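Shown below: start.cif, with mmCIF, C-alpha atoms (C1' of nucleotides).
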data_structure
loop_
_atom_site.label_atom_id
_atom_site.label_comp_id
_atom_site.auth_asym_id
_atom_site.auth_seq_id
_atom_site.Cartn_x
_atom_site.Cartn_y
_atom_site.Cartn_z
CA MET A 1106 223.23 -94.91 13.73
CA PHE A 1107 219.52 -94.14 13.48
CA LYS A 1108 217.25 -93.11 16.27
CA LEU A 1109 213.52 -92.59 16.05
CA VAL A 1110 212.44 -89.44 17.82
CA ALA A 1111 208.71 -89.14 17.19
CA GLU A 1112 205.96 -90.79 15.24
CA GLN A 1113 202.52 -89.86 14.09
CA GLU A 1114 200.76 -92.85 12.59
CA ASN A 1115 203.25 -94.05 9.97
CA ALA A 1116 205.10 -90.76 9.66
CA ARG A 1117 208.28 -90.51 11.69
CA THR A 1118 211.08 -88.19 12.58
CA GLY A 1119 214.47 -89.36 13.70
CA ILE A 1120 218.18 -88.76 13.63
CA LEU A 1121 220.64 -90.36 11.23
CA LYS A 1122 224.18 -90.33 12.54
CA THR A 1123 226.87 -90.12 9.88
CA ALA A 1124 230.61 -89.49 9.81
CA HIS A 1125 229.78 -85.88 8.97
CA GLY A 1126 227.24 -85.18 11.61
CA LYS A 1127 223.73 -85.97 12.62
CA ILE A 1128 220.94 -85.39 10.16
CA GLU A 1129 217.36 -85.12 11.29
CA THR A 1130 214.82 -87.05 9.24
CA PRO A 1131 212.82 -86.66 7.16
CA PHE A 1132 215.29 -84.96 4.87
CA PHE A 1133 215.70 -84.29 1.17
CA MET A 1134 218.94 -84.60 -0.77
CA PRO A 1135 219.46 -82.52 -3.90
CA VAL A 1136 221.26 -84.49 -6.57
CA ALA A 1137 224.88 -83.53 -7.19
CA THR A 1138 225.69 -86.19 -9.76
CA LYS A 1139 229.20 -85.05 -10.56
CA GLY A 1140 229.87 -83.46 -7.19
CA ALA A 1141 227.87 -80.29 -7.62
CA VAL A 1142 224.20 -79.43 -7.84
CA LYS A 1143 223.77 -77.81 -11.22
CA LEU A 1144 223.99 -74.01 -11.02
CA VAL A 1145 223.87 -73.90 -7.23
CA SER A 1146 226.91 -73.32 -5.03
CA ASN A 1147 227.51 -75.23 -1.82
CA SER A 1148 226.92 -72.16 0.33
CA GLU A 1149 223.64 -71.56 -1.47
CA LEU A 1150 222.69 -75.19 -0.85
CA GLU A 1151 223.39 -74.75 2.84
CA GLU A 1152 221.45 -71.53 2.96
CA ALA A 1153 218.57 -73.40 1.34
CA GLY A 1154 218.56 -75.75 4.31
CA THR A 1155 220.39 -78.69 2.75
CA LYS A 1156 222.02 -81.07 5.20
CA CYS A 1157 222.92 -83.83 2.81
CA ILE A 1158 223.44 -84.31 -0.92
CA ILE A 1159 223.85 -87.36 -3.14
CA CYS A 1160 226.58 -87.83 -5.72
CA ASN A 1161 226.96 -90.50 -8.35
CA ALA A 1162 229.85 -92.80 -7.50
CA TYR A 1163 229.98 -94.43 -10.90
CA LEU A 1164 230.25 -91.12 -12.76
CA LEU A 1165 232.82 -89.81 -10.29
CA SER A 1166 234.84 -92.97 -10.73
CA ILE A 1167 235.10 -92.23 -14.42
CA SER A 1168 235.84 -88.57 -13.96
CA PRO A 1169 237.88 -87.47 -12.12
CA GLY A 1170 238.43 -91.03 -10.83
CA THR A 1171 238.75 -92.41 -7.33
CA LYS A 1172 242.50 -91.78 -7.22
CA ILE A 1173 242.12 -88.05 -7.56
CA VAL A 1174 239.27 -87.90 -5.06
CA LYS A 1175 241.32 -89.95 -2.62
CA LYS A 1176 244.34 -87.72 -3.16
CA ALA A 1177 242.14 -84.71 -2.47
CA GLY A 1178 241.37 -86.26 0.90
CA GLY A 1179 238.00 -87.82 0.14
CA ILE A 1180 234.87 -86.63 -1.54
CA HIS A 1181 233.98 -84.05 1.11
CA LYS A 1182 237.25 -82.24 0.71
CA PHE A 1183 237.28 -82.66 -3.04
CA ILE A 1184 233.91 -81.03 -3.58
CA GLY A 1185 234.09 -78.69 -0.59
CA TRP A 1186 231.00 -79.94 1.23
CA ASN A 1187 231.30 -80.63 4.90
CA LYS A 1188 227.89 -82.12 5.54
CA GLY A 1189 226.32 -85.42 4.62
CA ILE A 1190 227.03 -87.12 1.31
CA PHE A 1191 225.31 -90.21 -0.04
CA THR A 1192 226.70 -91.84 -3.15
CA ASP A 1193 224.56 -93.69 -5.61
CA SER A 1194 226.11 -96.81 -7.05
CA GLY A 1195 225.25 -96.29 -10.70
CA GLY A 1196 222.49 -98.88 -10.75
CA PHE A 1197 219.99 -96.30 -11.91
CA GLN A 1198 222.06 -95.66 -15.03
CA THR A 1199 221.12 -99.14 -16.24
CA LEU A 1200 217.79 -97.59 -17.16
CA SER A 1201 219.44 -95.30 -19.65
CA GLU A 1202 220.17 -96.50 -23.15
CA LYS A 1203 222.94 -93.96 -23.22
CA PHE A 1204 224.78 -95.93 -20.54
CA LEU A 1205 223.80 -99.54 -20.64
CA ILE A 1206 225.53 -102.02 -22.86
CA LYS A 1207 224.62 -105.16 -20.97
CA ALA A 1208 223.69 -106.42 -17.54
CA ASP A 1209 224.06 -109.96 -16.30
CA GLU A 1210 224.69 -111.78 -13.06
CA LYS A 1211 228.29 -110.60 -12.89
CA GLY A 1212 227.42 -106.93 -13.14
CA VAL A 1213 226.80 -104.12 -15.57
CA THR A 1214 228.74 -102.98 -18.60
CA PHE A 1215 228.38 -99.29 -19.26
CA LYS A 1216 229.28 -96.94 -22.05
CA ASN A 1217 231.47 -94.21 -20.74
CA PRO A 1218 229.51 -90.97 -21.24
CA PHE A 1219 232.64 -88.83 -21.55
CA ASP A 1220 234.37 -90.82 -24.29
CA LYS A 1221 233.85 -94.00 -26.25
CA SER A 1222 235.29 -96.45 -23.74
CA THR A 1223 233.30 -98.91 -21.68
CA SER A 1224 233.48 -99.85 -18.06
CA PHE A 1225 232.32 -102.75 -16.00
CA LEU A 1226 230.58 -102.33 -12.69
CA SER A 1227 230.09 -105.30 -10.39
CA PRO A 1228 228.48 -105.10 -6.96
CA GLU A 1229 231.94 -105.41 -5.42
CA LYS A 1230 233.38 -102.71 -7.66
CA ALA A 1231 230.48 -100.36 -6.92
CA VAL A 1232 231.10 -100.74 -3.19
CA GLU A 1233 234.85 -100.41 -3.59
CA ILE A 1234 234.44 -97.16 -5.50
CA GLN A 1235 232.19 -95.77 -2.80
CA ASN A 1236 234.59 -96.93 -0.10
CA LEU A 1237 237.39 -95.05 -1.83
CA LEU A 1238 235.27 -91.94 -2.30
CA GLU A 1239 234.51 -92.01 1.44
CA SER A 1240 230.94 -90.86 1.19
CA ASP A 1241 228.90 -91.05 4.39
CA VAL A 1242 226.39 -93.47 2.96
CA ALA A 1243 227.01 -95.92 0.14
CA MET A 1244 224.25 -97.53 -1.87
CA CYS A 1245 224.24 -101.11 -3.11
CA LEU A 1246 224.33 -101.82 -6.81
CA ASP A 1247 220.86 -102.87 -7.84
CA ASP A 1248 219.32 -104.19 -11.02
CA VAL A 1249 216.49 -101.86 -11.97
CA PRO A 1250 213.79 -103.11 -14.35
CA LEU A 1251 212.29 -100.60 -16.76
CA HIS A 1252 208.74 -99.49 -16.10
CA GLY A 1253 206.45 -101.88 -17.93
CA SER A 1254 208.84 -104.85 -17.72
CA THR A 1255 207.47 -108.35 -17.83
CA LEU A 1256 206.90 -110.23 -14.63
CA THR A 1257 209.79 -112.52 -15.55
CA ARG A 1258 212.13 -109.56 -15.83
CA ILE A 1259 210.87 -107.99 -12.60
CA LYS A 1260 211.37 -111.28 -10.81
CA GLU A 1261 214.87 -111.70 -12.25
CA SER A 1262 215.85 -108.16 -11.26
CA ALA A 1263 214.50 -108.51 -7.74
CA GLU A 1264 216.27 -111.82 -7.14
CA ARG A 1265 219.49 -110.56 -8.68
CA THR A 1266 219.30 -107.39 -6.60
CA THR A 1267 219.18 -109.53 -3.45
CA ARG A 1268 222.20 -111.56 -4.54
CA TRP A 1269 224.04 -108.37 -5.44
CA ALA A 1270 223.06 -106.86 -2.09
CA GLU A 1271 224.71 -109.76 -0.29
CA ARG A 1272 227.82 -109.32 -2.40
CA CYS A 1273 227.83 -105.58 -1.65
CA LYS A 1274 227.53 -106.24 2.06
CA ASN A 1275 230.46 -108.69 1.95
CA ALA A 1276 232.58 -106.25 -0.04
CA HIS A 1277 231.94 -103.31 2.23
CA LYS A 1278 235.09 -102.50 4.20
CA ASN A 1279 234.78 -98.84 5.15
CA LYS A 1280 233.77 -98.84 8.83
CA LYS A 1281 233.00 -95.14 8.86
CA GLN A 1282 230.65 -95.46 5.93
CA LEU A 1283 227.08 -96.66 6.17
CA LEU A 1284 225.71 -99.02 3.54
CA PHE A 1285 222.07 -99.07 2.43
CA GLY A 1286 220.36 -101.91 0.60
CA ILE A 1287 217.81 -101.33 -2.14
CA CYS A 1288 214.70 -103.36 -2.87
CA GLN A 1289 213.12 -103.89 -6.27
CA GLY A 1290 209.99 -105.71 -7.39
CA GLY A 1291 208.50 -103.33 -9.93
CA LEU A 1292 204.84 -102.73 -9.28
CA ASN A 1293 204.14 -106.31 -8.31
CA GLU A 1294 203.02 -106.43 -4.72
CA LYS A 1295 204.29 -109.93 -3.96
CA LEU A 1296 207.66 -109.44 -5.60
CA ARG A 1297 208.05 -106.05 -3.98
CA GLN A 1298 207.22 -107.54 -0.60
CA LYS A 1299 209.60 -110.46 -1.07
CA SER A 1300 212.42 -108.24 -2.25
CA SER A 1301 211.95 -105.79 0.63
CA LYS A 1302 211.94 -108.64 3.12
CA GLU A 1303 215.13 -110.13 1.68
CA ILE A 1304 216.91 -106.78 1.70
CA ALA A 1305 215.82 -106.11 5.28
CA LYS A 1306 217.13 -109.51 6.32
CA ILE A 1307 220.66 -108.67 5.18
CA GLU A 1308 220.69 -106.02 7.91
CA PHE A 1309 222.00 -102.95 6.18
CA ASP A 1310 222.33 -99.62 7.96
CA GLY A 1311 219.28 -98.45 6.07
CA ASN A 1312 216.79 -99.71 3.51
CA ALA A 1313 215.99 -98.03 0.24
CA ILE A 1314 213.03 -98.37 -2.09
CA GLY A 1315 214.26 -98.55 -5.64
CA GLY A 1316 212.75 -98.87 -9.08
CA LEU A 1317 210.05 -96.25 -8.57
CA CYS A 1318 209.48 -92.80 -10.10
CA ILE A 1319 210.13 -94.18 -13.53
CA GLY A 1320 206.66 -93.84 -15.02
CA GLU A 1321 204.20 -95.39 -12.60
CA THR A 1322 201.22 -93.48 -11.20
CA ASN A 1323 201.27 -91.89 -7.77
CA SER A 1324 198.91 -94.45 -6.32
CA GLU A 1325 200.98 -97.32 -7.73
CA ARG A 1326 204.06 -95.78 -6.20
CA ASN A 1327 202.40 -95.18 -2.86
CA LYS A 1328 201.23 -98.75 -2.75
CA MET A 1329 204.74 -100.08 -3.33
CA VAL A 1330 206.14 -97.69 -0.72
CA LYS A 1331 203.68 -99.06 1.81
CA VAL A 1332 204.53 -102.64 0.90
CA SER A 1333 208.26 -102.04 1.27
CA ASN A 1334 208.00 -100.13 4.50
CA SER A 1335 205.86 -102.89 5.98
CA GLN A 1336 208.85 -105.24 5.51
CA PHE A 1337 211.63 -102.88 6.57
CA GLN A 1338 212.78 -102.66 10.18
CA LYS A 1339 211.10 -99.82 11.98
CA ASP A 1340 214.32 -98.73 13.66
CA LYS A 1341 216.25 -98.30 10.43
CA PRO A 1342 216.10 -95.35 8.06
CA ARG A 1343 213.95 -95.75 4.97
CA TYR A 1344 215.00 -94.05 1.79
CA LEU A 1345 212.75 -93.61 -1.23
CA MET A 1346 214.99 -93.09 -4.22
CA GLY A 1347 213.97 -90.51 -6.80
CA VAL A 1348 211.25 -88.47 -5.07
CA GLY A 1349 210.71 -85.53 -5.78
CA SER A 1350 208.01 -83.01 -5.57
CA PRO A 1351 206.59 -81.44 -2.40
CA LYS A 1352 203.36 -83.39 -2.68
CA ASP A 1353 205.12 -86.69 -3.29
CA ILE A 1354 207.47 -86.11 -0.39
CA LEU A 1355 204.61 -85.36 2.00
CA GLU A 1356 202.64 -88.38 0.83
CA CYS A 1357 205.61 -90.69 1.24
CA ILE A 1358 206.53 -89.27 4.64
CA SER A 1359 203.02 -90.18 5.68
CA HIS A 1360 203.79 -93.73 4.54
CA GLY A 1361 206.90 -93.88 6.68
CA VAL A 1362 209.73 -92.72 4.43
CA ASP A 1363 212.61 -90.81 6.05
CA ILE A 1364 214.96 -89.88 3.24
CA PHE A 1365 214.43 -88.57 -0.28
CA ASP A 1366 216.55 -87.52 -3.19
CA SER A 1367 215.67 -86.15 -6.57
CA CYS A 1368 216.93 -83.98 -9.36
CA PHE A 1369 213.34 -82.83 -9.85
CA PRO A 1370 213.33 -79.45 -8.06
CA ALA A 1371 216.56 -78.37 -9.71
CA ARG A 1372 215.62 -79.74 -13.10
CA ILE A 1373 212.24 -78.05 -13.34
CA ALA A 1374 213.95 -74.86 -12.19
CA ARG A 1375 216.26 -75.12 -15.18
CA HIS A 1376 213.12 -75.60 -17.21
CA ARG A 1377 211.80 -72.31 -15.77
CA THR A 1378 209.23 -73.70 -13.38
CA ALA A 1379 209.00 -72.48 -9.81
CA MET A 1380 207.33 -74.41 -7.02
CA THR A 1381 204.88 -72.39 -4.97
CA SER A 1382 202.40 -73.20 -2.24
CA LYS A 1383 199.67 -72.75 -4.83
CA GLY A 1384 201.19 -74.99 -7.44
CA ASN A 1385 203.94 -74.76 -9.99
CA ILE A 1386 204.28 -71.63 -12.08
CA ASN A 1387 206.04 -71.14 -15.39
CA ILE A 1388 207.95 -67.93 -14.86
CA LEU A 1389 207.95 -67.20 -18.60
CA ASN A 1390 204.18 -66.58 -18.57
CA ALA A 1391 203.22 -63.07 -19.61
CA ARG A 1392 201.14 -62.68 -16.47
CA PHE A 1393 204.37 -62.35 -14.44
CA ALA A 1394 205.76 -59.46 -16.47
CA LYS A 1395 204.55 -56.87 -13.98
CA ASP A 1396 204.33 -59.16 -10.98
CA PHE A 1397 206.68 -57.70 -8.40
CA LYS A 1398 205.85 -60.28 -5.74
CA PRO A 1399 208.34 -63.00 -4.81
CA LEU A 1400 207.97 -66.48 -6.35
CA ASP A 1401 206.21 -67.64 -3.19
CA LYS A 1402 204.67 -65.31 -0.66
CA LYS A 1403 205.91 -67.12 2.43
CA CYS A 1404 209.27 -68.34 1.12
CA GLU A 1405 212.35 -67.13 2.95
CA CYS A 1406 214.94 -68.22 0.42
CA PHE A 1407 217.55 -65.90 -1.02
CA THR A 1408 215.64 -65.60 -4.28
CA CYS A 1409 212.33 -64.69 -2.67
CA GLN A 1410 213.94 -62.28 -0.22
CA ASN A 1411 215.71 -60.36 -2.96
CA HIS A 1412 213.96 -60.76 -6.29
CA SER A 1413 210.54 -60.47 -7.88
CA ARG A 1414 208.80 -62.71 -10.37
CA ALA A 1415 208.99 -59.86 -12.88
CA PHE A 1416 212.77 -59.65 -12.56
CA ILE A 1417 213.33 -63.40 -12.74
CA ARG A 1418 211.01 -63.56 -15.74
CA HIS A 1419 212.94 -60.78 -17.40
CA LEU A 1420 216.20 -62.65 -16.85
CA ALA A 1421 214.67 -65.87 -18.15
CA LYS A 1422 213.21 -64.15 -21.20
CA THR A 1423 216.54 -62.65 -22.07
CA LYS A 1424 218.26 -65.99 -21.50
CA GLU A 1425 220.32 -64.86 -18.55
CA GLU A 1426 221.37 -68.07 -16.86
CA ASN A 1427 221.18 -66.40 -13.48
CA SER A 1428 217.40 -66.80 -13.74
CA LEU A 1429 217.84 -70.57 -13.66
CA ARG A 1430 220.15 -70.31 -10.70
CA LEU A 1431 217.66 -68.17 -8.78
CA LEU A 1432 214.87 -70.64 -9.61
CA SER A 1433 217.06 -73.58 -8.57
CA ILE A 1434 217.82 -71.96 -5.24
CA HIS A 1435 214.14 -71.31 -4.69
CA ASN A 1436 212.92 -74.79 -5.61
CA ILE A 1437 215.51 -76.52 -3.46
CA SER A 1438 214.70 -74.19 -0.57
CA PHE A 1439 211.02 -74.83 -1.09
CA VAL A 1440 211.43 -78.59 -0.85
CA GLN A 1441 213.78 -78.30 2.12
CA LYS A 1442 211.20 -76.17 3.88
CA ILE A 1443 208.53 -78.81 3.28
CA ALA A 1444 210.76 -81.48 4.83
CA LYS A 1445 211.62 -79.25 7.77
CA GLU A 1446 208.00 -78.37 8.44
CA ALA A 1447 207.04 -82.02 8.20
CA LYS A 1448 209.64 -82.86 10.83
CA LEU A 1449 208.28 -80.23 13.21
CA ALA A 1450 204.70 -81.21 12.50
CA ILE A 1451 205.37 -84.86 13.32
CA LYS A 1452 207.01 -83.87 16.59
CA GLU A 1453 203.98 -81.77 17.44
CA ASN A 1454 201.57 -84.45 16.31
CA ARG A 1455 199.94 -82.31 13.63
CA PHE A 1456 201.45 -83.79 10.50
CA ASP A 1457 198.12 -84.99 9.11
CA LYS A 1458 196.80 -81.45 9.39
CA MET A 1459 199.88 -80.09 7.65
CA VAL A 1460 199.32 -82.44 4.70
CA LYS A 1461 195.65 -81.51 4.51
CA ASP A 1462 196.45 -77.80 4.61
CA PHE A 1463 199.10 -78.23 1.98
CA LYS A 1464 196.76 -80.00 -0.41
CA ARG A 1465 193.94 -77.54 0.21
CA ASN A 1466 196.20 -74.58 -0.33
CA LYS A 1467 197.06 -75.64 -3.80
CA GLN A 1468 194.92 -74.77 -6.75
CA LYS A 1469 196.51 -77.44 -8.84
CA VAL A 1470 198.49 -80.54 -8.06
CA PHE A 1471 202.25 -80.36 -8.00
"C1'" G B 436 206.58 -36.37 -60.72
"C1'" C B 437 209.05 -40.89 -62.73
"C1'" C B 438 211.43 -45.75 -62.08
"C1'" C B 439 212.54 -50.14 -59.21
"C1'" U B 440 211.58 -53.60 -55.23
"C1'" G B 441 208.38 -55.50 -51.82
"C1'" G B 442 203.49 -56.21 -49.01
"C1'" U B 443 202.19 -63.91 -45.95
"C1'" A B 444 199.98 -64.65 -37.90
"C1'" G B 445 201.81 -59.55 -32.82
"C1'" U B 446 206.90 -59.59 -35.17
"C1'" C B 447 210.43 -61.76 -38.81
"C1'" U B 448 210.38 -65.04 -42.77
"C1'" A B 449 209.84 -69.76 -46.55
"C1'" U B 450 207.11 -71.85 -50.42
"C1'" C B 451 203.45 -72.49 -54.15
"C1'" G B 452 198.48 -71.79 -60.51
"C1'" G B 453 195.18 -77.01 -57.46
"C1'" U B 454 195.86 -81.48 -51.05
"C1'" U B 455 196.34 -79.55 -43.91
"C1'" A B 456 200.59 -72.16 -46.85
"C1'" G B 457 206.30 -74.29 -43.85
"C1'" G B 458 209.66 -72.21 -40.13
"C1'" A B 459 211.42 -68.78 -36.32
"C1'" U B 460 209.94 -65.67 -32.51
"C1'" A B 461 206.06 -64.11 -29.39
"C1'" C B 462 201.66 -65.68 -26.70
"C1'" G B 463 199.04 -69.90 -24.23
"C1'" G B 464 199.12 -75.10 -22.31
"C1'" C B 465 201.38 -79.77 -20.84
"C1'" C B 466 205.56 -82.68 -19.21
"C1'" C B 467 210.08 -83.56 -16.39
"C1'" U B 468 211.13 -87.22 -9.91
"C1'" G B 469 218.41 -92.69 -7.42
"C1'" U B 470 220.53 -86.07 -13.88
"C1'" C B 471 226.14 -86.88 -19.41
"C1'" G B 472 219.90 -83.23 -20.72
"C1'" A B 473 219.44 -74.94 -18.70
"C1'" G B 474 215.41 -79.90 -21.97
"C1'" G B 475 211.02 -82.07 -24.50
"C1'" C B 476 205.98 -81.93 -26.39
"C1'" U B 477 201.81 -79.12 -27.88
"C1'" G B 478 197.77 -75.24 -29.01
"C1'" U B 479 195.91 -70.46 -31.04
"C1'" G B 480 197.28 -67.35 -34.88
"C1'" A B 481 198.56 -65.29 -41.80
"C1'" G B 482 198.44 -64.06 -47.81
"C1'" G B 483 197.03 -54.97 -48.01
"C1'" C B 484 192.39 -53.43 -50.96
"C1'" G B 485 189.63 -53.73 -55.61
"C1'" G B 486 189.20 -55.78 -60.36
"C1'" G B 487 190.82 -59.23 -64.39
"C1'" U B 488 192.67 -63.99 -66.67
"C1'" U B 489 191.59 -69.23 -65.40
"C1'" C B 490 187.75 -74.95 -64.21
"C1'" A B 491 190.95 -73.11 -60.10
"C1'" A B 492 194.78 -67.11 -57.89
"C1'" C B 493 198.34 -66.13 -51.91
"C1'" U B 494 200.79 -67.28 -56.57
"C1'" C B 495 199.86 -64.49 -63.21
"C1'" C B 496 197.95 -59.41 -65.11
"C1'" C B 497 195.92 -54.25 -64.09
"C1'" G B 498 194.67 -50.28 -60.72
"C1'" C B 499 194.78 -48.31 -55.86
"C1'" C B 500 196.94 -48.08 -51.02
"C1'" C B 501 201.24 -48.79 -47.99
"C1'" A B 502 206.62 -49.46 -47.11
"C1'" G B 503 211.73 -49.25 -48.69
"C1'" G B 504 215.33 -47.73 -52.43
"C1'" G B 505 216.81 -44.87 -56.81
"C1'" C B 506 216.23 -40.67 -60.34
"C1'" G B 507 214.61 -35.75 -60.82
#

Rendering of file as structure tokens:
Amino acid sequence: MFKLVAEQENARTGILKTAHGKIETPFFMPVATKGAVKLVSNSELEEAGTKCIICNAYLLSISPGTKIVKKAGGIHKFIGWNKGIFTDSGGFQTLSEKFLIKADEKGVTFKNPFDKSTSFLSPEKAVEIQNLLESDVAMCLDDVPLHGSTLTRIKESAERTTRWAERCKNAHKNKKQLLFGICQGGLNEKLRQKSSKEIAKIEFDGNAIGGLCIGETNSERNKMVKVSNSQFQKDKPRYLMGVGSPKDILECISHGVDIFDSCFPARIARHRTAMTSKGNINILNARFAKDFKPLDKKCECFTCQNHSRAFIRHLAKTKEENSLRLLSIHNISFVQKIAKEAKLAIKENRFDKMVKDFKRNKQKVF
RNA sequence: GCCCUGGUAGUCUAUCGGUUAGGAUACGGCCCUGUCGAGGCUGUGAGGCGGGUUCAACUCCCGCCCAGGGCG
């Protein structure tokens, strides 16, 4: 299922075996909430170096519904993606006022975002949906406390997440599908440690770190990542949910994380920001009007091989949506390249140097 | 030559005899991290020129300049 290949201090590279092939870690999953990464086609995703994406099981269960996906022959056939697919349970949507109506021990009641109906999601239901979708990796339903929650609330959510994790494990029937547990614990070291230990004990196929990237500082996040990874089995994949940026990914790889997912690269692309080795740039800036260089000098993505900053800026200025697509392709490629280079660097025992070079190269922080 | 209308940031425009002259766009900056979000926040920047009335004028009056329209 998961095999460690090489390590350098806490950083590791390995191979995750799924029903749709082996995926080398560390890897980054672009977010395809409703079955597609916004503005980017599947072939463009592949060309960008994507081996795995993550969809949202809860949202897919509302539209088009599990029946249609099943009839299509499973989620891979439905969305036309033959590589890895994780599905998120919907737990993260509890953070959004637009979704949450109430959450208690039984599960979560959500507003349906597409109409005015409501739906109920229990741990069992979340697993059942993901079983029916036939994703490669299913995620447990967790109870995520908002950033800044009281200790009482963080404790409640962590304990409930463990109970829900056990229920998810018992409900999981799809033998071809892996199931990952998720820890909580907010920013409290003891609760985070306890939660991670409890999740590890249930013996999932992989362990995820949840409840981060919701407003905490980088050092707070890194601390929690270290705490969780210290409790997780070394021979199981570790997935940090919600990260992110090149810098964050590199930092967390150095703390032993194997898998990442985030809407960040694609979202900031839609907001006209391009990631470069020297920091993020806002392509709308006047200084790019006559800049005929690619977004990033060393990038080999479709965008950088074919188009200049000046052209992309021109498209963005004139509100041509293709500009956002080109930026999305670039940012996803950029992050994929970081993950790929990290993998090689760990194998060659020079990952620490890679991180140092990366940070030195930048004029500002990502 | 005469008449009319109008001159407010780089551009377009709102309002007003008295508080920080509002907005759009442009320019600059910041943010976004298990997505219903191609979004959000923010900074710089303005009353053609000269005179008059008034306690007080971007605002009312006069002249000039400029622009647009009309008549000859």

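For the pair CA of Pro1351 (chain A) and CA of Lys1458 (chain A), the separation is 15.3 Å.
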
Under the rule of at most 10 Å, produce a per-residue listing of chain A near chain B: chain, number, name, the closest pair of atoms, and the distance in Å, as a Markdown table, using all atoms listed in the file.
| residue | atom | partner | partner_atom | distance |
| --- | --- | --- | --- | --- |
| A:Val1136 | CA | B:U470 | C1' | 7.5 |
| A:Ala1137 | CA | B:U470 | C1' | 8.4 |
| A:Thr1138 | CA | B:U470 | C1' | 6.6 |
| A:Lys1139 | CA | B:U470 | C1' | 9.3 |
| A:Val1142 | CA | B:U470 | C1' | 9.7 |
| A:Lys1143 | CA | B:A473 | C1' | 9.1 |
| A:Leu1144 | CA | B:A473 | C1' | 9.0 |
| A:Ile1159 | CA | B:G469 | C1' | 8.7 |
| A:Cys1160 | CA | B:G469 | C1' | 9.7 |
| A:Asn1161 | CA | B:G469 | C1' | 8.9 |
| A:Leu1164 | CA | B:C471 | C1' | 8.9 |
| A:Thr1192 | CA | B:G469 | C1' | 9.4 |
| A:Asp1193 | CA | B:G469 | C1' | 6.5 |
| A:Ser1194 | CA | B:G469 | C1' | 8.7 |
| A:Gly1195 | CA | B:G469 | C1' | 8.4 |
| A:Gly1196 | CA | B:G469 | C1' | 8.1 |
| A:Phe1197 | CA | B:G469 | C1' | 6.0 |
| A:Gln1198 | CA | B:G469 | C1' | 8.9 |
| A:Lys1203 | CA | B:C471 | C1' | 8.7 |
| A:Phe1204 | CA | B:C471 | C1' | 9.2 |
| A:Asn1217 | CA | B:C471 | C1' | 9.2 |
| A:Pro1218 | CA | B:C471 | C1' | 5.6 |
| A:Phe1219 | CA | B:C471 | C1' | 7.1 |
| A:Met1244 | CA | B:G469 | C1' | 9.4 |
| A:Ala1313 | CA | B:G469 | C1' | 9.6 |
| A:Ile1314 | CA | B:G469 | C1' | 9.5 |
| A:Gly1315 | CA | B:G469 | C1' | 7.4 |
| A:Gly1316 | CA | B:G469 | C1' | 8.5 |
| A:Leu1317 | CA | B:G469 | C1' | 9.2 |
| A:Cys1318 | CA | B:U468 | C1' | 5.8 |
| A:Ile1319 | CA | B:U468 | C1' | 7.9 |
| A:Gly1320 | CA | B:U468 | C1' | 9.5 |
| A:Tyr1344 | CA | B:G469 | C1' | 9.9 |
| A:Leu1345 | CA | B:G469 | C1' | 8.4 |
| A:Met1346 | CA | B:G469 | C1' | 4.7 |
| A:Gly1347 | CA | B:G469 | C1' | 5.0 |
| A:Val1348 | CA | B:U468 | C1' | 5.0 |
| A:Gly1349 | CA | B:U468 | C1' | 4.5 |
| A:Ser1350 | CA | B:U468 | C1' | 6.8 |
| A:Asp1353 | CA | B:U468 | C1' | 9.0 |
| A:Phe1365 | CA | B:G469 | C1' | 9.2 |
| A:Asp1366 | CA | B:G469 | C1' | 6.9 |
| A:Ser1367 | CA | B:U468 | C1' | 5.7 |
| A:Cys1368 | CA | B:U470 | C1' | 6.1 |
| A:Phe1369 | CA | B:U468 | C1' | 4.9 |
| A:Pro1370 | CA | B:U468 | C1' | 8.3 |
| A:Ala1371 | CA | B:U470 | C1' | 9.6 |
| A:Arg1372 | CA | B:C467 | C1' | 7.5 |
| A:Ile1373 | CA | B:C467 | C1' | 6.7 |
| A:Ala1374 | CA | B:A473 | C1' | 8.5 |
| A:Arg1375 | CA | B:A473 | C1' | 4.7 |
| A:His1376 | CA | B:A473 | C1' | 6.5 |
| A:Arg1377 | CA | B:A473 | C1' | 8.6 |
| A:Asn1390 | CA | B:G463 | C1' | 8.3 |
| A:Ala1391 | CA | B:C462 | C1' | 7.7 |
| A:Lys1424 | CA | B:A473 | C1' | 9.5 |
| A:Glu1426 | CA | B:A473 | C1' | 7.4 |
| A:Ser1428 | CA | B:A473 | C1' | 9.7 |
| A:Leu1429 | CA | B:A473 | C1' | 6.9 |
| A:Arg1430 | CA | B:A473 | C1' | 9.3 |

- Message: I'd like the residues picked by the PyMOL selection byres ((chain B and resi 479-491) around 10) written out as an MDAnalysis selection string, using the chain letters and numbers from the file.
- Response: chainID B and resid 442:445 452:453 456 462:463 478 492:501

Since we have the selection now, will you write its residues out, keeping C-alpha atoms (C1' of nucleotides), as a compact mmCIF listing (two decimals), keeping the file's coordinate frame?
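Contents of selection.txt, freshly written:
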# COMPACT_ATOMS: atom_id res chain seq x y z
C1' G B 442 203.49 -56.21 -49.01
C1' U B 443 202.19 -63.91 -45.95
C1' A B 444 199.98 -64.65 -37.90
C1' G B 445 201.81 -59.55 -32.82
C1' G B 452 198.48 -71.79 -60.51
C1' G B 453 195.18 -77.01 -57.46
C1' A B 456 200.59 -72.16 -46.85
C1' C B 462 201.66 -65.68 -26.70
C1' G B 463 199.04 -69.90 -24.23
C1' G B 478 197.77 -75.24 -29.01
C1' A B 492 194.78 -67.11 -57.89
C1' C B 493 198.34 -66.13 -51.91
C1' U B 494 200.79 -67.28 -56.57
C1' C B 495 199.86 -64.49 -63.21
C1' C B 496 197.95 -59.41 -65.11
C1' C B 497 195.92 -54.25 -64.09
C1' G B 498 194.67 -50.28 -60.72
C1' C B 499 194.78 -48.31 -55.86
C1' C B 500 196.94 -48.08 -51.02
C1' C B 501 201.24 -48.79 -47.99
